[in-house]
$ cat model_7.cif   # mmCIF, C-alpha atoms
data_work
loop_
_atom_site.label_atom_id
_atom_site.label_comp_id
_atom_site.auth_asym_id
_atom_site.auth_seq_id
_atom_site.Cartn_x
_atom_site.Cartn_y
_atom_site.Cartn_z
CA MET A 176 -8.33 -9.10 -25.19
CA LEU A 177 -11.56 -8.33 -26.98
CA SER A 178 -10.85 -7.82 -30.68
CA LEU A 179 -11.76 -4.43 -32.07
CA ASP A 180 -13.78 -6.28 -34.71
CA ASP A 181 -15.78 -8.28 -32.16
CA PRO A 182 -19.52 -7.58 -32.40
CA ARG A 183 -19.67 -7.75 -28.60
CA TRP A 184 -18.70 -4.05 -28.42
CA SER A 185 -22.31 -3.29 -29.31
CA ALA A 186 -23.41 -5.16 -26.18
CA LEU A 187 -20.92 -3.45 -23.88
CA PRO A 188 -22.26 -0.21 -22.43
CA HIS A 189 -20.35 2.99 -21.80
CA ALA A 190 -21.62 6.34 -20.51
CA TYR A 191 -23.76 7.03 -23.58
CA GLY A 192 -25.02 3.58 -24.53
CA PRO A 193 -23.53 0.77 -26.62
CA ALA A 194 -19.78 1.02 -27.14
CA THR A 195 -19.93 0.67 -30.91
CA ASP A 196 -17.81 3.83 -31.28
CA VAL A 197 -14.95 2.70 -29.03
CA PRO A 198 -13.17 0.41 -31.53
CA GLY A 199 -12.97 3.26 -34.03
CA LEU A 200 -11.67 5.66 -31.38
CA LEU A 201 -9.01 3.12 -30.39
CA ARG A 202 -8.01 2.64 -34.03
CA ASP A 203 -7.70 6.43 -34.42
CA LEU A 204 -5.57 6.53 -31.28
CA ALA A 205 -3.26 3.81 -32.57
CA ARG A 206 -2.67 5.90 -35.72
CA SER A 207 -1.77 9.02 -33.72
CA PRO A 208 -0.64 8.16 -30.16
CA GLY A 209 1.63 11.15 -29.58
CA PRO A 210 1.11 13.87 -27.00
CA SER A 211 -1.88 16.12 -27.64
CA GLY A 212 -3.93 18.78 -25.90
CA PRO A 213 -6.46 18.05 -23.15
CA ASP A 214 -9.46 18.40 -25.47
CA SER A 215 -7.93 16.56 -28.43
CA GLU A 216 -9.53 13.60 -30.07
CA PRO A 217 -9.74 10.71 -29.68
CA PHE A 218 -8.80 10.91 -26.00
CA PHE A 219 -11.48 13.52 -25.28
CA SER A 220 -14.19 11.11 -26.45
CA LEU A 221 -12.55 8.09 -24.78
CA TRP A 222 -12.41 9.88 -21.43
CA SER A 223 -15.99 11.07 -21.84
CA CYS A 224 -17.49 7.66 -22.56
CA LEU A 225 -15.19 5.38 -20.53
CA CYS A 226 -14.61 7.38 -17.34
CA HIS A 227 -17.52 9.78 -17.29
CA GLN A 228 -17.53 11.95 -14.17
CA GLY A 229 -15.60 9.24 -12.35
CA ASP A 230 -17.90 6.38 -13.33
CA VAL A 231 -16.74 3.40 -15.39
CA TYR A 232 -18.52 0.79 -17.48
CA PRO A 233 -17.98 -2.66 -19.00
CA ALA A 234 -16.64 -1.00 -22.17
CA SER A 235 -14.04 0.76 -19.99
CA TYR A 236 -12.64 -2.61 -18.94
CA ALA A 237 -12.58 -3.85 -22.54
CA ALA A 238 -10.74 -0.72 -23.71
CA VAL A 239 -7.93 -0.74 -21.11
CA PRO A 240 -5.93 -3.60 -22.70
CA HIS A 241 -6.01 -1.77 -26.02
CA LEU A 242 -4.87 1.50 -24.44
CA VAL A 243 -1.94 -0.18 -22.73
CA GLN A 244 -1.03 -2.21 -25.81
CA ILE A 245 -0.95 0.91 -27.99
CA GLY A 246 1.18 2.70 -25.40
CA LEU A 247 3.60 -0.22 -25.23
CA ALA A 248 3.86 -0.54 -29.00
CA GLU A 249 4.62 3.13 -29.64
CA SER A 250 8.36 3.82 -29.87
CA GLY A 251 8.05 7.60 -29.60
CA PRO A 252 6.45 9.86 -27.00
CA VAL A 253 2.84 9.12 -26.09
CA ASP A 254 0.07 11.15 -24.55
CA PHE A 255 -0.08 11.05 -20.75
CA SER A 256 -3.65 9.70 -21.00
CA PHE A 257 -2.21 6.31 -21.96
CA PHE A 258 -1.30 6.11 -18.27
CA LEU A 259 -3.88 8.33 -16.63
CA LEU A 260 -7.03 6.86 -18.21
CA PRO A 261 -6.30 3.23 -17.24
CA ALA A 262 -5.29 4.41 -13.76
CA ALA A 263 -8.50 6.44 -13.38
CA ILE A 264 -10.60 3.51 -14.59
CA ASP A 265 -9.01 1.15 -12.08
CA VAL A 266 -9.31 3.62 -9.21
CA ALA A 267 -13.00 4.10 -10.06
CA ARG A 268 -13.49 0.32 -10.24
CA VAL A 269 -11.89 -0.23 -6.83
CA ASN A 270 -13.94 2.62 -5.35
CA GLY A 271 -17.20 1.02 -6.51
CA ARG A 272 -17.86 3.53 -9.32
CA GLY A 273 -18.63 0.83 -11.87
CA PRO A 274 -19.91 -2.71 -12.26
CA ALA A 275 -17.80 -5.82 -11.80
CA ILE A 276 -15.52 -6.69 -14.68
CA PRO A 277 -17.30 -9.16 -16.99
CA ASP A 278 -15.81 -12.63 -16.57
CA ASP A 279 -14.52 -12.84 -20.13
CA LEU A 280 -12.64 -9.53 -19.76
CA VAL A 281 -11.06 -10.10 -16.32
CA GLN A 282 -7.83 -11.76 -17.41
CA ALA A 283 -6.95 -9.27 -20.16
CA TYR A 284 -7.93 -6.32 -17.96
CA HIS A 285 -5.74 -7.33 -15.00
CA ALA A 286 -2.84 -8.21 -17.31
CA ALA A 287 -3.08 -4.76 -18.90
CA ILE A 288 -3.10 -3.05 -15.50
CA ALA A 289 0.08 -4.97 -14.62
CA TRP A 290 1.63 -3.97 -18.00
CA LEU A 291 1.37 -0.31 -16.98
CA VAL A 292 4.71 -0.84 -15.23
CA ASP A 293 6.26 -2.02 -18.50
CA CYS A 294 4.63 0.82 -20.42
CA GLY A 295 6.17 3.41 -18.09
CA PHE A 296 9.53 1.70 -18.39
CA ALA A 297 9.26 1.66 -22.20
CA HIS A 298 8.91 5.46 -22.24
CA ARG A 299 11.48 6.24 -19.54
CA HIS A 300 14.00 7.89 -21.89
CA GLU A 301 11.57 10.50 -23.17
CA ALA A 302 11.27 14.00 -21.80
CA TRP A 303 8.21 14.11 -19.54
CA SER A 304 6.03 17.02 -18.61
CA GLU A 305 4.86 17.25 -15.03
CA ASP A 306 1.48 15.87 -16.16
CA MET A 307 3.22 12.83 -17.68
CA ALA A 308 5.27 12.24 -14.53
CA ILE A 309 2.12 12.33 -12.41
CA ALA A 310 0.23 10.06 -14.82
CA VAL A 311 3.03 7.48 -14.93
CA ALA A 312 3.37 7.56 -11.14
CA ALA A 313 -0.40 7.06 -10.74
CA ALA A 314 -0.35 4.18 -13.23
CA GLN A 315 2.56 2.56 -11.42
CA ALA A 316 0.71 2.88 -8.11
CA VAL A 317 -2.42 1.26 -9.60
CA ALA A 318 -0.36 -1.55 -11.12
CA LYS A 319 1.08 -2.31 -7.69
CA GLY A 320 -2.28 -2.16 -5.93
CA HIS A 321 -1.89 1.25 -4.27
CA HIS A 322 -5.15 2.81 -5.38
CA ALA A 323 -5.40 5.47 -2.66
CA LEU A 324 -1.91 6.69 -3.58
CA ALA A 325 -2.85 6.68 -7.28
CA GLU A 326 -5.96 8.73 -6.53
CA ALA A 327 -3.92 11.24 -4.52
CA LEU A 328 -1.40 11.53 -7.35
CA MET A 329 -4.17 12.09 -9.89
CA ASN A 330 -5.47 14.98 -7.79
CA LEU A 331 -2.14 16.82 -7.78
CA ASP A 332 -1.77 20.05 -9.71
CA GLU A 333 0.89 22.75 -9.61
CA HIS A 334 -0.94 24.71 -6.88
CA LEU A 335 -1.41 21.70 -4.59
CA ILE A 336 2.21 20.65 -5.12
CA ALA A 337 3.38 24.15 -4.19
CA GLU A 338 1.12 24.15 -1.11
CA ILE A 339 2.40 20.75 0.04
CA ASN A 340 6.01 21.82 -0.50
CA GLN A 341 5.42 25.11 1.36
CA GLN A 342 3.96 23.22 4.34
CA ASN A 343 6.88 20.81 4.44
CA TRP A 344 9.67 23.32 3.87
CA GLY A 345 8.07 26.63 4.83
#
$ encode --input "model_7.cif" --output "structure tokens"
Amino acid sequence: MLSLDDPRWSALPHAYGPATDVPGLLRDLARSPGPSGPDSEPFFSLWSCLCHQGDVYPASYAAVPHLVQIGLAESGPVDFSFFLLPAAIDVARVNGRGPAIPDDLVQAYHAAIAWLVDCGFAHRHEAWSEDMAIAVAAAQAVAKGHHALAEALMNLDEHLIAEINQQNWG
């Protein structure tokens, strides 16, 4: 995993240029990993620069192991983006919405994607909102290689769920 102090972050691009801001955002996240609102920092900025309009970047791949590690280390409730952002990054990667993973980041990235299963398990005893349940399910699907399922899960909202249930039971 690329250290947050590694100068290489300045050579890794994200949506707005060099990823020099990402280590600080990840440090902020580690200090306050609990659930927050959809426009709360630092997740708002992380989403914006790492998975911008469905596109991903080399910095996205470097950040995923940190996101999963923070989620695994936290003993209390975490924000659903700890699951949803890595899942969205991997779905985008598989769908050709970003470059190949740099060779020196491949091992840590794939290990982190696999750890999403452990991260979900670590938070299983917490009360989950519907958004958290969807995010964990999408992360589990990505970790097991079911990217189309993960993408479908990420597109669910209360209206689509109601429509699907009405079609099946109506």
$ resolve_selection --input "model_7.cif" --expression "the PyMOL selection byres ((chain A and resi 251) around 9)" --output "list in words"
Pro208, Gly209, Glu249, Ser250, Pro252, Val253, His298 and Glu301 of chain A
$ atom_distance --input "model_7.cif" --atom1 "CA of His227 in chain A" --atom2 "CA of Ala190 in chain A"
6.2 Å
$ resolve_selection --input "model_7.cif" --expression "the PyMOL selection byres ((chain A and resi 319-333) around 10)" --output "PDB file with C-alpha atoms, in the coordinates of the input"
ATOM      1  CA  LEU A 259      -3.880   8.330 -16.630  1.00  0.00           C
ATOM      2  CA  ALA A 262      -5.290   4.410 -13.760  1.00  0.00           C
ATOM      3  CA  ALA A 263      -8.500   6.440 -13.380  1.00  0.00           C
ATOM      4  CA  ASP A 265      -9.010   1.150 -12.080  1.00  0.00           C
ATOM      5  CA  VAL A 266      -9.310   3.620  -9.210  1.00  0.00           C
ATOM      6  CA  ALA A 267     -13.000   4.100 -10.060  1.00  0.00           C
ATOM      7  CA  ARG A 268     -13.490   0.320 -10.240  1.00  0.00           C
ATOM      8  CA  VAL A 269     -11.890  -0.230  -6.830  1.00  0.00           C
ATOM      9  CA  ASN A 270     -13.940   2.620  -5.350  1.00  0.00           C
ATOM     10  CA  ILE A 288      -3.100  -3.050 -15.500  1.00  0.00           C
ATOM     11  CA  ALA A 289       0.080  -4.970 -14.620  1.00  0.00           C
ATOM     12  CA  LEU A 291       1.370  -0.310 -16.980  1.00  0.00           C
ATOM     13  CA  VAL A 292       4.710  -0.840 -15.230  1.00  0.00           C
ATOM     14  CA  GLU A 305       4.860  17.250 -15.030  1.00  0.00           C
ATOM     15  CA  ASP A 306       1.480  15.870 -16.160  1.00  0.00           C
ATOM     16  CA  ALA A 308       5.270  12.240 -14.530  1.00  0.00           C
ATOM     17  CA  ILE A 309       2.120  12.330 -12.410  1.00  0.00           C
ATOM     18  CA  ALA A 310       0.230  10.060 -14.820  1.00  0.00           C
ATOM     19  CA  VAL A 311       3.030   7.480 -14.930  1.00  0.00           C
ATOM     20  CA  ALA A 312       3.370   7.560 -11.140  1.00  0.00           C
ATOM     21  CA  ALA A 313      -0.400   7.060 -10.740  1.00  0.00           C
ATOM     22  CA  ALA A 314      -0.350   4.180 -13.230  1.00  0.00           C
ATOM     23  CA  GLN A 315       2.560   2.560 -11.420  1.00  0.00           C
ATOM     24  CA  ALA A 316       0.710   2.880  -8.110  1.00  0.00           C
ATOM     25  CA  VAL A 317      -2.420   1.260  -9.600  1.00  0.00           C
ATOM     26  CA  ALA A 318      -0.360  -1.550 -11.120  1.00  0.00           C
ATOM     27  CA  HIS A 334      -0.940  24.710  -6.880  1.00  0.00           C
ATOM     28  CA  LEU A 335      -1.410  21.700  -4.590  1.00  0.00           C
ATOM     29  CA  ILE A 336       2.210  20.650  -5.120  1.00  0.00           C
ATOM     30  CA  ALA A 337       3.380  24.150  -4.190  1.00  0.00           C
ATOM     31  CA  GLU A 338       1.120  24.150  -1.110  1.00  0.00           C
ATOM     32  CA  ILE A 339       2.400  20.750   0.040  1.00  0.00           C
TER      33      ILE A 339
END
$ atom_distance --input "model_7.cif" --atom1 "CA of Pro240 in chain A" --atom2 "CA of Ala287 in chain A"
4.9 Å
$ atom_distance --input "model_7.cif" --atom1 "CA of Pro261 in chain A" --atom2 "CA of Gly192 in chain A"
20.1 Å
$ closest_residue --input "model_7.cif" --among "A:Asp196, A:Asp293, A:Asp180, A:Asp203" --to "Ala234 in chain A" --atoms "all atoms listed in the file"
A:Asp196
$ closest_residue --input "model_7.cif" --among "A:Asp279, A:Pro182, A:Tyr284, A:Tyr191" --to "Asp230 in chain A" --atoms "all atoms listed in the file"
A:Tyr191
$ resolve_selection --input "model_7.cif" --expression "the PyMOL selection byres ((chain A and resi 221) around 9)" --output "MDAnalysis selection string"
chainID A and resid 197 200:201 216:220 222:226 235 260
$ closest_residue --input "model_7.cif" --among "A:Ile245, A:Gln341, A:His189, A:Cys294" --to "Ser207 in chain A" --atoms "all atoms listed in the file"
A:Ile245
